[in-house]
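Enquirer: For reference, the file final-v7.txt (compact mmCIF, C-alpha atoms) is included below:
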# COMPACT_ATOMS: atom_id res chain seq x y z
CA MET A 1 -10.65 158.08 6.12
CA SER A 2 -7.24 158.43 7.62
CA ASP A 3 -4.98 160.41 9.84
CA ASP A 4 -4.37 162.69 6.87
CA HIS A 5 -7.36 164.59 8.10
CA HIS A 6 -5.49 165.55 11.20
CA HIS A 7 -3.04 167.99 9.66
CA PRO A 8 -3.18 171.03 11.86
CA ALA A 9 -4.49 173.83 9.71
CA PRO A 10 -2.20 176.81 9.43
CA MET A 11 -3.61 179.41 11.80
CA GLY A 12 -4.48 182.68 10.28
CA ASP A 13 -6.06 182.96 6.87
CA VAL A 14 -8.45 180.09 7.04
CA GLU A 15 -9.54 180.98 10.54
CA ARG A 16 -10.19 184.55 9.42
CA ARG A 17 -12.27 183.23 6.53
CA ALA A 18 -14.22 181.04 8.94
CA ARG A 19 -14.94 184.03 11.16
CA ALA A 20 -15.89 186.16 8.16
CA LEU A 21 -18.39 183.53 7.10
CA GLU A 22 -19.88 183.26 10.53
CA SER A 23 -20.25 187.02 11.04
CA LEU A 24 -21.73 187.45 7.57
CA LEU A 25 -24.27 184.67 8.03
CA GLU A 26 -25.19 186.00 11.45
CA GLU A 27 -25.72 189.51 10.13
CA LYS A 28 -27.89 188.19 7.33
CA GLY A 29 -29.97 186.35 9.92
CA LEU A 30 -29.15 183.01 8.30
CA VAL A 31 -27.36 181.53 11.26
CA ASP A 32 -28.16 181.67 14.94
CA PRO A 33 -24.96 181.42 16.99
CA THR A 34 -26.69 179.53 19.78
CA PHE A 35 -27.88 176.96 17.24
CA VAL A 36 -24.31 176.59 15.97
CA ASP A 37 -23.14 176.08 19.56
CA ALA A 38 -25.79 173.42 20.08
CA VAL A 39 -24.81 171.61 16.89
CA VAL A 40 -21.13 171.63 17.73
CA SER A 41 -21.67 170.22 21.21
CA ALA A 42 -24.13 167.61 19.96
CA TYR A 43 -21.57 166.31 17.47
CA ALA A 44 -18.70 166.54 19.92
CA GLU A 45 -20.65 164.37 22.35
CA ASP A 46 -21.76 161.93 19.71
CA ILE A 47 -19.02 159.49 20.49
CA GLY A 48 -18.71 156.43 18.34
CA PRO A 49 -17.94 153.88 21.06
CA MET A 50 -20.84 155.26 23.07
CA ASN A 51 -23.20 154.07 20.35
CA GLY A 52 -21.95 150.55 20.89
CA ALA A 53 -22.18 151.02 24.65
CA LYS A 54 -25.84 151.96 24.30
CA VAL A 55 -26.46 148.87 22.21
CA VAL A 56 -24.80 146.65 24.82
CA ALA A 57 -26.63 148.31 27.71
CA ARG A 58 -29.96 147.84 25.96
CA ALA A 59 -29.14 144.18 25.34
CA TRP A 60 -28.28 143.72 29.02
CA ALA A 61 -31.46 145.43 30.16
CA ASP A 62 -33.91 144.03 27.63
CA PRO A 63 -33.82 140.27 26.89
CA ALA A 64 -36.02 140.67 23.80
CA TYR A 65 -33.64 143.26 22.38
CA ARG A 66 -30.73 140.98 23.18
CA ARG A 67 -32.30 138.22 21.10
CA ARG A 68 -32.94 140.60 18.21
CA LEU A 69 -29.36 141.86 18.43
CA LEU A 70 -27.93 138.36 18.28
CA ASP A 71 -30.30 137.37 15.46
CA ASP A 72 -29.73 140.42 13.28
CA GLY A 73 -27.19 142.92 14.54
CA THR A 74 -27.65 145.34 11.66
CA ALA A 75 -31.40 145.65 12.25
CA ALA A 76 -31.00 145.85 16.03
CA ILE A 77 -28.46 148.69 15.94
CA ALA A 78 -30.67 150.47 13.38
CA GLU A 79 -33.47 150.37 15.99
CA LEU A 80 -31.32 152.68 18.10
CA GLY A 81 -30.56 154.91 15.13
CA PHE A 82 -27.10 153.58 14.37
CA GLY A 83 -25.88 152.30 11.07
CA GLY A 84 -23.32 152.68 8.40
CA PRO A 85 -23.12 152.71 4.66
CA GLU A 86 -25.25 150.24 2.78
CA GLY A 87 -23.96 146.71 2.75
CA ASP A 88 -22.29 146.73 6.13
CA HIS A 89 -23.56 143.83 8.16
CA VAL A 90 -22.97 144.16 11.85
CA VAL A 91 -22.90 140.94 13.85
CA ALA A 92 -22.91 140.87 17.64
CA LEU A 93 -21.00 138.06 19.34
CA GLU A 94 -22.18 136.92 22.73
CA ASN A 95 -19.60 136.41 25.47
CA THR A 96 -20.56 133.84 28.11
CA ALA A 97 -18.95 132.41 31.21
CA SER A 98 -17.22 129.83 29.01
CA VAL A 99 -16.77 131.59 25.66
CA HIS A 100 -14.77 134.72 24.93
CA ASN A 101 -15.01 136.39 21.53
CA VAL A 102 -12.41 138.69 20.05
CA VAL A 103 -12.45 140.60 16.77
CA VAL A 104 -9.62 141.17 14.35
CA CYS A 105 -9.29 142.08 10.73
CA THR A 106 -6.48 140.02 9.28
CA LEU A 107 -6.57 141.65 5.85
CA CYS A 108 -6.73 145.33 6.66
CA SER A 109 -8.67 147.19 9.32
CA CYS A 110 -12.36 146.41 8.87
CA TYR A 111 -14.11 147.59 11.97
CA PRO A 112 -17.71 148.13 13.10
CA TRP A 113 -17.28 151.91 13.15
CA PRO A 114 -21.00 152.76 13.33
CA VAL A 115 -21.00 151.31 16.82
CA LEU A 116 -17.36 151.68 17.83
CA GLY A 117 -16.17 154.80 16.05
CA LEU A 118 -12.67 154.74 14.64
CA PRO A 119 -10.44 151.77 15.38
CA PRO A 120 -7.57 152.21 17.82
CA THR A 121 -4.12 152.28 16.27
CA TRP A 122 -3.16 148.85 17.57
CA TYR A 123 -6.15 147.29 15.83
CA LYS A 124 -4.53 148.12 12.51
CA SER A 125 -1.07 146.95 13.51
CA PRO A 126 0.33 143.82 11.82
CA PRO A 127 1.32 142.17 15.15
CA TYR A 128 -2.25 142.39 16.47
CA ARG A 129 -3.67 141.14 13.21
CA SER A 130 -1.40 138.12 13.00
CA ARG A 131 -0.92 137.22 16.65
CA MET A 132 -4.60 137.39 17.57
CA VAL A 133 -5.12 134.54 15.14
CA ARG A 134 -1.98 132.57 16.01
CA GLU A 135 -1.86 132.96 19.78
CA PRO A 136 -4.95 134.76 21.05
CA ARG A 137 -4.59 133.62 24.65
CA VAL A 138 -1.04 134.90 24.90
CA LEU A 139 -1.79 138.18 23.20
CA LEU A 140 -4.94 138.79 25.25
CA ALA A 141 -2.96 138.23 28.45
CA GLU A 142 -0.32 140.68 27.22
CA MET A 143 -3.07 143.19 26.54
CA GLY A 144 -4.29 142.92 30.12
CA CYS A 145 -6.99 140.35 29.52
CA PRO A 146 -5.81 137.01 30.93
CA LEU A 147 -8.38 134.26 30.45
CA PRO A 148 -8.76 130.96 32.30
CA ASN A 149 -7.34 128.03 30.38
CA ASP A 150 -10.72 126.36 30.13
CA MET A 151 -12.37 129.37 28.54
CA GLU A 152 -12.87 128.91 24.83
CA ILE A 153 -11.59 131.81 22.70
CA ARG A 154 -13.28 132.49 19.38
CA VAL A 155 -11.45 134.80 17.01
CA TRP A 156 -13.57 136.50 14.35
CA ASP A 157 -12.11 137.96 11.19
CA SER A 158 -13.94 141.13 10.20
CA SER A 159 -14.33 141.95 6.55
CA ALA A 160 -15.86 144.67 4.47
CA GLU A 161 -19.06 142.61 4.37
CA VAL A 162 -19.35 141.51 7.98
CA ARG A 163 -18.30 143.63 10.93
CA TYR A 164 -18.27 141.94 14.29
CA PHE A 165 -18.47 143.38 17.72
CA VAL A 166 -18.58 141.67 21.09
CA LEU A 167 -21.52 141.72 23.47
CA PRO A 168 -19.68 141.46 26.79
CA GLU A 169 -21.14 139.70 29.79
CA ARG A 170 -23.02 141.98 32.14
CA PRO A 171 -20.76 142.57 35.15
CA ALA A 172 -21.90 141.37 38.55
CA GLY A 173 -23.26 144.02 40.87
CA THR A 174 -24.96 146.02 38.13
CA GLU A 175 -28.45 144.62 38.68
CA LYS A 176 -29.89 147.89 39.93
CA MET A 177 -28.24 150.13 37.35
CA SER A 178 -30.23 152.10 34.81
CA GLU A 179 -29.56 151.54 31.14
CA GLN A 180 -27.64 154.80 31.03
CA GLU A 181 -25.47 153.77 33.96
CA LEU A 182 -24.90 150.40 32.34
CA ALA A 183 -23.76 152.10 29.13
CA GLY A 184 -21.17 153.94 31.19
CA ARG A 185 -19.64 150.60 32.16
CA VAL A 186 -19.10 149.45 28.59
CA THR A 187 -15.73 150.15 27.05
CA ARG A 188 -14.57 150.09 23.48
CA ASP A 189 -11.99 147.43 24.26
CA SER A 190 -14.63 145.15 25.77
CA MET A 191 -16.59 145.37 22.52
CA ILE A 192 -13.51 144.46 20.48
CA GLY A 193 -12.93 141.61 22.88
CA VAL A 194 -9.57 142.53 24.36
CA GLN A 195 -11.07 143.23 27.77
CA ARG A 196 -13.62 141.57 30.05
CA LEU A 197 -15.75 143.81 32.21
CA MET B 1 -28.63 160.46 19.77
CA SER B 2 -29.45 164.15 19.63
CA ASP B 3 -31.88 165.33 16.98
CA LEU B 4 -29.15 167.68 15.80
CA VAL B 5 -26.97 164.74 14.84
CA THR B 6 -28.07 163.01 11.68
CA SER B 7 -26.54 159.95 10.12
CA GLU B 8 -26.26 161.61 6.70
CA ILE B 9 -23.70 163.95 8.24
CA ARG B 10 -22.23 161.81 10.98
CA ASP B 11 -21.72 158.79 8.76
CA MET B 12 -20.27 160.47 5.68
CA ALA B 13 -17.70 158.07 4.33
CA GLY B 14 -14.40 158.16 2.47
CA HIS B 15 -12.81 161.55 1.88
CA LEU B 16 -15.89 163.24 3.30
CA ALA B 17 -15.81 161.42 6.63
CA LEU B 18 -15.57 163.62 9.70
CA PRO B 19 -12.13 163.15 11.27
CA ARG B 20 -12.37 161.09 14.42
CA LEU B 21 -10.01 159.71 16.97
CA ASN B 22 -11.26 156.68 18.83
CA GLY B 23 -14.73 157.53 17.63
CA GLU B 24 -14.74 161.09 18.88
CA LEU B 25 -14.74 163.97 16.47
CA VAL B 26 -11.42 165.71 16.22
CA PHE B 27 -11.20 169.46 15.85
CA ASP B 28 -7.69 170.86 15.74
CA ALA B 29 -9.01 174.34 16.45
CA PRO B 30 -12.34 175.77 17.58
CA TRP B 31 -13.06 177.30 14.17
CA GLN B 32 -13.22 173.77 12.73
CA GLY B 33 -16.10 172.92 15.03
CA ARG B 34 -17.75 176.21 14.06
CA ALA B 35 -17.38 175.25 10.39
CA LEU B 36 -19.31 172.06 11.05
CA GLY B 37 -21.99 173.98 12.94
CA LEU B 38 -22.20 176.68 10.26
CA ALA B 39 -22.66 174.17 7.46
CA ILE B 40 -25.48 172.45 9.33
CA ALA B 41 -27.09 175.76 10.31
CA ILE B 42 -26.94 177.30 6.83
CA THR B 43 -28.31 174.27 4.99
CA SER B 44 -31.10 174.22 7.53
CA SER B 45 -31.97 177.92 7.32
CA LEU B 46 -31.82 177.90 3.51
CA ASP B 47 -33.80 174.65 3.55
CA VAL B 48 -31.58 173.21 0.83
CA GLY B 49 -30.82 169.84 2.42
CA TRP B 50 -27.48 168.46 3.52
CA ASP B 51 -26.68 167.12 0.09
CA ARG B 52 -26.39 170.70 -1.18
CA PHE B 53 -23.43 171.30 1.12
CA ARG B 54 -22.11 167.80 0.57
CA GLN B 55 -21.79 168.47 -3.16
CA GLU B 56 -19.81 171.65 -2.45
CA LEU B 57 -17.58 169.70 -0.09
CA ILE B 58 -16.99 166.99 -2.68
CA ARG B 59 -15.92 169.67 -5.17
CA ALA B 60 -13.73 171.47 -2.62
CA ILE B 61 -11.91 168.25 -1.73
CA ALA B 62 -11.56 167.26 -5.40
CA ASP B 63 -10.09 170.71 -6.19
CA ASP B 64 -7.25 170.13 -3.76
CA PRO B 65 -7.18 166.68 -2.18
CA ASP B 66 -4.13 167.56 -0.08
CA ARG B 67 -5.78 170.49 1.60
CA ALA B 68 -6.50 170.04 5.31
CA TYR B 69 -9.96 168.60 5.86
CA TYR B 70 -11.70 171.53 7.53
CA ASP B 71 -10.01 174.01 5.19
CA SER B 72 -12.06 172.32 2.49
CA TRP B 73 -15.16 172.90 4.61
CA ILE B 74 -14.43 176.62 4.59
CA CYS B 75 -13.95 176.56 0.81
CA ALA B 76 -17.23 174.64 0.47
CA LEU B 77 -19.05 177.09 2.75
CA GLU B 78 -17.71 180.03 0.75
CA ALA B 79 -18.80 178.39 -2.48
CA LEU B 80 -22.25 177.73 -1.07
CA VAL B 81 -22.60 181.35 0.08
CA VAL B 82 -21.56 182.60 -3.36
CA HIS B 83 -23.67 180.13 -5.33
CA GLU B 84 -26.72 180.90 -3.22
CA ASP B 85 -26.20 184.64 -3.86
CA ILE B 86 -25.79 185.43 -0.18
CA ALA B 87 -22.54 187.30 -0.78
CA THR B 88 -19.89 187.64 -3.44
CA ALA B 89 -16.42 186.19 -3.15
CA ASP B 90 -15.09 189.77 -2.97
CA GLU B 91 -17.32 190.56 -0.02
CA LEU B 92 -16.11 187.49 1.81
CA ASN B 93 -12.47 188.34 1.09
CA ARG B 94 -12.87 191.93 2.24
CA ARG B 95 -14.56 190.81 5.41
CA ALA B 96 -11.82 188.26 6.14
CA SER B 97 -9.06 190.79 5.50
CA ALA B 98 -10.68 193.28 7.84
CA LEU B 99 -10.54 190.87 10.77
Is it possible to express this structure as structure tokens?

Expert:
Amino acid sequence: MSDDHHHPAPMGDVERRARALESLLEEKGLVDPTFVDAVVSAYAEDIGPMNGAKVVARAWADPAYRRRLLDDGTAAIAELGFGGPEGDHVVALENTASVHNVVVCTLCSCYPWPVLGLPPTWYKSPPYRSRMVREPRVLLAEMGCPLPNDMEIRVWDSSAEVRYFVLPERPAGTEKMSEQELAGRVTRDSMIGVQRL
Amino acid sequence: MSDLVTSEIRDMAGHLALPRLNGELVFDAPWQGRALGLAIAITSSLDVGWDRFRQELIRAIADDPDRAYYDSWICALEALVVHEDIATADELNRRASAL
């Protein structure tokens, strides 16, 4: 999919047709407006990056899940009800005190969208794609993520077959947080690897 | 994940994919969100399965690939209503013109 979907629709005719459909279906008893409301808000709140945040929070809270996630990311995200089209393998990369992972797609814009939603614009930009491979430490610092010189940086090239995302380190001071609170601490950028929490 | 959100809808791919920005669904106007809700509600109340609407949406997009995404949803909803004998195209047009 692409930004082509974001053409603003001309107001007027199509909106009238939408309203006509809704009023007709309501009158026929085929649609309950409160159900439509509930559906719309459920989808509006079903935020892509939040899926990834839930995966990370579960991995922080549950060591057994963390092992399953690192062993087989696709199966572990499916446990939480997330997944994409057949054939997409999702691989979680574990950040540690001495290793920082970052994800790029050098060929195009492969991205683990079932867990992270749509990629940010910069992810698709040629400078990100080339510089993250050539000079990751410099680029990460420019993006607000300076890393100590002795921290190893691993750059992972996503493809249509394998989609990587980063399992960030659990931040200090979050020991008492619930899984839901933990999920609130996880950002999209930390799961791409351009931020440390 | 809410029970109302199913992966067969949420994860539609290619031309059918729900427009998102940074993972969040994008509606340029409230009626576009209503179109999503209506499609889910009508396939549920008719008990025809999501694929029934999906096929209409595929046809609507193929008919005019340049049409704005949710405009195609309205075309697909209209086609579904007509094909399921809920109303005629004339009825829908009259109702829209009266608004």

Enquirer: Name the residues in contact with Ile153 (chain A) at a cut-off of 6 Å, using all atoms listed in the file, excluding same-chain residues fewer than 3 positions from it; report them as a PyMOL selection string.

Expert: chain A and resi 99-101

Enquirer: Can you spit out the residues from that selection as an mmCIF file, in the coordinates of the input, using C-alpha atoms?

Expert:
data_model
loop_
_atom_site.group_PDB
_atom_site.id
_atom_site.type_symbol
_atom_site.label_atom_id
_atom_site.label_comp_id
_atom_site.auth_asym_id
_atom_site.auth_seq_id
_atom_site.Cartn_x
_atom_site.Cartn_y
_atom_site.Cartn_z
ATOM 1 C CA VAL A 99 -16.770 131.590 25.660
ATOM 2 C CA HIS A 100 -14.770 134.720 24.930
ATOM 3 C CA ASN A 101 -15.010 136.390 21.530
#

Enquirer: May I have the residues within 9 Å of region 73-79 of chain B as a ChimeraX atom specification, using only C-alpha atoms and disregarding those fewer than 2 positions away in the same chain?

Expert: /A:14-15,17-18,21 /B:32,35-36,38-39,42,53-61,69-71,81-84,87-89,92

Enquirer: Deliver the residues from the most recent selection as a file, using C-alpha atoms, as a compact mmCIF listing (two decimals), in the frame of the given file.

Expert:
# COMPACT_ATOMS: atom_id res chain seq x y z
CA VAL A 14 -8.45 180.09 7.04
CA GLU A 15 -9.54 180.98 10.54
CA ARG A 17 -12.27 183.23 6.53
CA ALA A 18 -14.22 181.04 8.94
CA LEU A 21 -18.39 183.53 7.10
CA GLN B 32 -13.22 173.77 12.73
CA ALA B 35 -17.38 175.25 10.39
CA LEU B 36 -19.31 172.06 11.05
CA LEU B 38 -22.20 176.68 10.26
CA ALA B 39 -22.66 174.17 7.46
CA ILE B 42 -26.94 177.30 6.83
CA PHE B 53 -23.43 171.30 1.12
CA ARG B 54 -22.11 167.80 0.57
CA GLN B 55 -21.79 168.47 -3.16
CA GLU B 56 -19.81 171.65 -2.45
CA LEU B 57 -17.58 169.70 -0.09
CA ILE B 58 -16.99 166.99 -2.68
CA ARG B 59 -15.92 169.67 -5.17
CA ALA B 60 -13.73 171.47 -2.62
CA ILE B 61 -11.91 168.25 -1.73
CA TYR B 69 -9.96 168.60 5.86
CA TYR B 70 -11.70 171.53 7.53
CA ASP B 71 -10.01 174.01 5.19
CA VAL B 81 -22.60 181.35 0.08
CA VAL B 82 -21.56 182.60 -3.36
CA HIS B 83 -23.67 180.13 -5.33
CA GLU B 84 -26.72 180.90 -3.22
CA ALA B 87 -22.54 187.30 -0.78
CA THR B 88 -19.89 187.64 -3.44
CA ALA B 89 -16.42 186.19 -3.15
CA LEU B 92 -16.11 187.49 1.81

Enquirer: CA of Glu161 (chain A) to CA of Thr187 (chain A): how many Å, to one decimal?

Expert: 24.1 Å

Enquirer: Kindly determine which residues of chain B lie within 8 Å of chain A, considering all atoms listed in the file, and give the answer as an mmCIF file with C-alpha atoms, in the coordinates of the input.

Expert:
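Now in out-v4.cif:
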data_model
loop_
_atom_site.group_PDB
_atom_site.id
_atom_site.type_symbol
_atom_site.label_atom_id
_atom_site.label_comp_id
_atom_site.auth_asym_id
_atom_site.auth_seq_id
_atom_site.Cartn_x
_atom_site.Cartn_y
_atom_site.Cartn_z
ATOM 1 C CA MET B 1 -28.630 160.460 19.770
ATOM 2 C CA SER B 2 -29.450 164.150 19.630
ATOM 3 C CA LEU B 4 -29.150 167.680 15.800
ATOM 4 C CA VAL B 5 -26.970 164.740 14.840
ATOM 5 C CA SER B 7 -26.540 159.950 10.120
ATOM 6 C CA ARG B 10 -22.230 161.810 10.980
ATOM 7 C CA ASP B 11 -21.720 158.790 8.760
ATOM 8 C CA ALA B 13 -17.700 158.070 4.330
ATOM 9 C CA GLY B 14 -14.400 158.160 2.470
ATOM 10 C CA HIS B 15 -12.810 161.550 1.880
ATOM 11 C CA LEU B 16 -15.890 163.240 3.300
ATOM 12 C CA ALA B 17 -15.810 161.420 6.630
ATOM 13 C CA PRO B 19 -12.130 163.150 11.270
ATOM 14 C CA ARG B 20 -12.370 161.090 14.420
ATOM 15 C CA LEU B 21 -10.010 159.710 16.970
ATOM 16 C CA ASN B 22 -11.260 156.680 18.830
ATOM 17 C CA GLY B 23 -14.730 157.530 17.630
ATOM 18 C CA GLU B 24 -14.740 161.090 18.880
ATOM 19 C CA LEU B 25 -14.740 163.970 16.470
ATOM 20 C CA VAL B 26 -11.420 165.710 16.220
ATOM 21 C CA ASP B 28 -7.690 170.860 15.740
ATOM 22 C CA TRP B 31 -13.060 177.300 14.170
ATOM 23 C CA GLY B 33 -16.100 172.920 15.030
ATOM 24 C CA ARG B 34 -17.750 176.210 14.060
ATOM 25 C CA ALA B 35 -17.380 175.250 10.390
ATOM 26 C CA LEU B 36 -19.310 172.060 11.050
ATOM 27 C CA GLY B 37 -21.990 173.980 12.940
ATOM 28 C CA LEU B 38 -22.200 176.680 10.260
ATOM 29 C CA ILE B 40 -25.480 172.450 9.330
ATOM 30 C CA ALA B 41 -27.090 175.760 10.310
ATOM 31 C CA ILE B 42 -26.940 177.300 6.830
ATOM 32 C CA SER B 45 -31.970 177.920 7.320
ATOM 33 C CA LEU B 46 -31.820 177.900 3.510
ATOM 34 C CA ALA B 68 -6.500 170.040 5.310
ATOM 35 C CA TYR B 69 -9.960 168.600 5.860
ATOM 36 C CA TYR B 70 -11.700 171.530 7.530
ATOM 37 C CA ASP B 71 -10.010 174.010 5.190
ATOM 38 C CA ILE B 74 -14.430 176.620 4.590
ATOM 39 C CA LEU B 77 -19.050 177.090 2.750
ATOM 40 C CA GLU B 78 -17.710 180.030 0.750
ATOM 41 C CA LEU B 92 -16.110 187.490 1.810
ATOM 42 C CA ASN B 93 -12.470 188.340 1.090
ATOM 43 C CA ARG B 95 -14.560 190.810 5.410
ATOM 44 C CA ALA B 96 -11.820 188.260 6.140
ATOM 45 C CA SER B 97 -9.060 190.790 5.500
ATOM 46 C CA LEU B 99 -10.540 190.870 10.770
#

Enquirer: Interatomic distance between CA of Ser125 (chain A) and CA of Ala141 (chain A)?

Expert: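 CA of Ala141 (chain A) lies at a distance of 17.4 Å from CA of Ser125 (chain A).
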
Enquirer: Grab the CA of Ser130 (chain A) to CA of Val155 (chain A) distance for me, in Å with one decimal place.

Expert: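 It comes out at 11.3 Å.
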
Enquirer: Which residues are near Ser159 (chain A)? Cut-off 8 Å, only C-alpha atoms, ignore same chain within fewer than 2 positions. Put them as a PyMOL selection string.

Expert: chain A and resi 105+107+110-111+157+161-163

Enquirer: (-33.3, 147.0, 34.9) in this file's frame - what residues fall within 8 Å of it? Use all atoms listed in the file and give the answer as number ranges by chain.

Expert: A: 61-62, 175-179

Enquirer: Quick one: residues within 10 Å of region 189-197 of chain A, only C-alpha atoms, excluding same-chain residues fewer than 3 positions away - as a tab-separated table (two decimals) with C-alpha atoms, keeping the file's coordinate frame?

Expert:
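And here's around-v1.tsv as it stands now:
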chain	number	residue	atom	x	y	z
A	49	PRO	CA	-17.94	153.88	21.06
A	52	GLY	CA	-21.95	150.55	20.89
A	53	ALA	CA	-22.18	151.02	24.65
A	56	VAL	CA	-24.80	146.65	24.82
A	92	ALA	CA	-22.91	140.87	17.64
A	93	LEU	CA	-21.00	138.06	19.34
A	95	ASN	CA	-19.60	136.41	25.47
A	100	HIS	CA	-14.77	134.72	24.93
A	101	ASN	CA	-15.01	136.39	21.53
A	102	VAL	CA	-12.41	138.69	20.05
A	103	VAL	CA	-12.45	140.60	16.77
A	104	VAL	CA	-9.62	141.17	14.35
A	111	TYR	CA	-14.11	147.59	11.97
A	112	PRO	CA	-17.71	148.13	13.10
A	115	VAL	CA	-21.00	151.31	16.82
A	116	LEU	CA	-17.36	151.68	17.83
A	119	PRO	CA	-10.44	151.77	15.38
A	120	PRO	CA	-7.57	152.21	17.82
A	123	TYR	CA	-6.15	147.29	15.83
A	132	MET	CA	-4.60	137.39	17.57
A	136	PRO	CA	-4.95	134.76	21.05
A	139	LEU	CA	-1.79	138.18	23.20
A	140	LEU	CA	-4.94	138.79	25.25
A	141	ALA	CA	-2.96	138.23	28.45
A	142	GLU	CA	-0.32	140.68	27.22
A	143	MET	CA	-3.07	143.19	26.54
A	144	GLY	CA	-4.29	142.92	30.12
A	145	CYS	CA	-6.99	140.35	29.52
A	146	PRO	CA	-5.81	137.01	30.93
A	147	LEU	CA	-8.38	134.26	30.45
A	153	ILE	CA	-11.59	131.81	22.70
A	154	ARG	CA	-13.28	132.49	19.38
A	155	VAL	CA	-11.45	134.80	17.01
A	156	TRP	CA	-13.57	136.50	14.35
A	164	TYR	CA	-18.27	141.94	14.29
A	165	PHE	CA	-18.47	143.38	17.72
A	166	VAL	CA	-18.58	141.67	21.09
A	167	LEU	CA	-21.52	141.72	23.47
A	168	PRO	CA	-19.68	141.46	26.79
A	169	GLU	CA	-21.14	139.70	29.79
A	170	ARG	CA	-23.02	141.98	32.14
A	171	PRO	CA	-20.76	142.57	35.15
A	172	ALA	CA	-21.90	141.37	38.55
A	185	ARG	CA	-19.64	150.60	32.16
A	186	VAL	CA	-19.10	149.45	28.59

Enquirer: Just checking: using only C-alpha atoms, which residue out of A:Gly173, A:Gly73, A:Gly184, A:Pro126 ends up closest to Val91 (chain A)?

Expert: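 Ranking A:Gly173, A:Gly73, A:Gly184, A:Pro126 by distance to Val91 (chain A), first place goes to A:Gly73.
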
Enquirer: What would region 99-114 of chain A look like if you wrote it out as a PDB file, in the first residue's frame, with N, CA and C atoms included, from the block I just posted?

Expert:
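Saved to out-v8.pdb:
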ATOM      1  N   VAL A  99      25.287  -4.889  23.187  1.00  0.00           N
ATOM      2  CA  VAL A  99      24.931  -5.044  21.766  1.00  0.00           C
ATOM      3  C   VAL A  99      23.684  -4.226  21.455  1.00  0.00           C
ATOM      4  N   HIS A 100      23.793  -3.421  20.403  1.00  0.00           N
ATOM      5  CA  HIS A 100      22.625  -2.664  19.941  1.00  0.00           C
ATOM      6  C   HIS A 100      22.289  -3.116  18.525  1.00  0.00           C
ATOM      7  N   ASN A 101      21.027  -3.472  18.322  1.00  0.00           N
ATOM      8  CA  ASN A 101      20.569  -3.891  16.994  1.00  0.00           C
ATOM      9  C   ASN A 101      19.792  -2.762  16.326  1.00  0.00           C
ATOM     10  N   VAL A 102      19.932  -2.682  15.030  1.00  0.00           N
ATOM     11  CA  VAL A 102      19.146  -1.700  14.281  1.00  0.00           C
ATOM     12  C   VAL A 102      18.744  -2.330  12.952  1.00  0.00           C
ATOM     13  N   VAL A 103      17.535  -1.975  12.507  1.00  0.00           N
ATOM     14  CA  VAL A 103      16.954  -2.619  11.324  1.00  0.00           C
ATOM     15  C   VAL A 103      16.880  -1.637  10.170  1.00  0.00           C
ATOM     16  N   VAL A 104      17.163  -2.130   8.997  1.00  0.00           N
ATOM     17  CA  VAL A 104      17.103  -1.317   7.794  1.00  0.00           C
ATOM     18  C   VAL A 104      16.645  -2.241   6.677  1.00  0.00           C
ATOM     19  N   CYS A 105      16.144  -1.658   5.615  1.00  0.00           N
ATOM     20  CA  CYS A 105      15.925  -2.466   4.418  1.00  0.00           C
ATOM     21  C   CYS A 105      16.665  -1.770   3.302  1.00  0.00           C
ATOM     22  N   THR A 106      17.783  -2.353   2.885  1.00  0.00           N
ATOM     23  CA  THR A 106      18.636  -1.656   1.921  1.00  0.00           C
ATOM     24  C   THR A 106      18.033  -1.681   0.525  1.00  0.00           C
ATOM     25  N   LEU A 107      17.183  -2.656   0.236  1.00  0.00           N
ATOM     26  CA  LEU A 107      16.658  -2.790  -1.121  1.00  0.00           C
ATOM     27  C   LEU A 107      15.421  -1.939  -1.363  1.00  0.00           C
ATOM     28  N   CYS A 108      14.542  -1.930  -0.370  1.00  0.00           N
ATOM     29  CA  CYS A 108      13.290  -1.200  -0.588  1.00  0.00           C
ATOM     30  C   CYS A 108      12.783  -0.709   0.757  1.00  0.00           C
ATOM     31  N   SER A 109      11.719  -1.280   1.271  1.00  0.00           N
ATOM     32  CA  SER A 109      11.213  -0.801   2.548  1.00  0.00           C
ATOM     33  C   SER A 109      10.554  -1.935   3.313  1.00  0.00           C
ATOM     34  N   CYS A 110      11.153  -3.128   3.261  1.00  0.00           N
ATOM     35  CA  CYS A 110      10.601  -4.252   4.019  1.00  0.00           C
ATOM     36  C   CYS A 110      10.602  -3.889   5.501  1.00  0.00           C
ATOM     37  N   TYR A 111       9.533  -4.253   6.155  1.00  0.00           N
ATOM     38  CA  TYR A 111       9.281  -3.731   7.499  1.00  0.00           C
ATOM     39  C   TYR A 111       8.345  -4.696   8.211  1.00  0.00           C
ATOM     40  N   PRO A 112       8.545  -4.911   9.504  1.00  0.00           N
ATOM     41  CA  PRO A 112       7.673  -5.866  10.209  1.00  0.00           C
ATOM     42  C   PRO A 112       6.334  -5.237  10.548  1.00  0.00           C
ATOM     43  N   TRP A 113       5.524  -4.927   9.535  1.00  0.00           N
ATOM     44  CA  TRP A 113       4.315  -4.138   9.785  1.00  0.00           C
ATOM     45  C   TRP A 113       3.293  -4.821  10.678  1.00  0.00           C
ATOM     46  N   PRO A 114       3.257  -6.163  10.760  1.00  0.00           N
ATOM     47  CA  PRO A 114       2.259  -6.712  11.712  1.00  0.00           C
ATOM     48  C   PRO A 114       2.511  -6.282  13.149  1.00  0.00           C
TER      49      PRO A 114
END
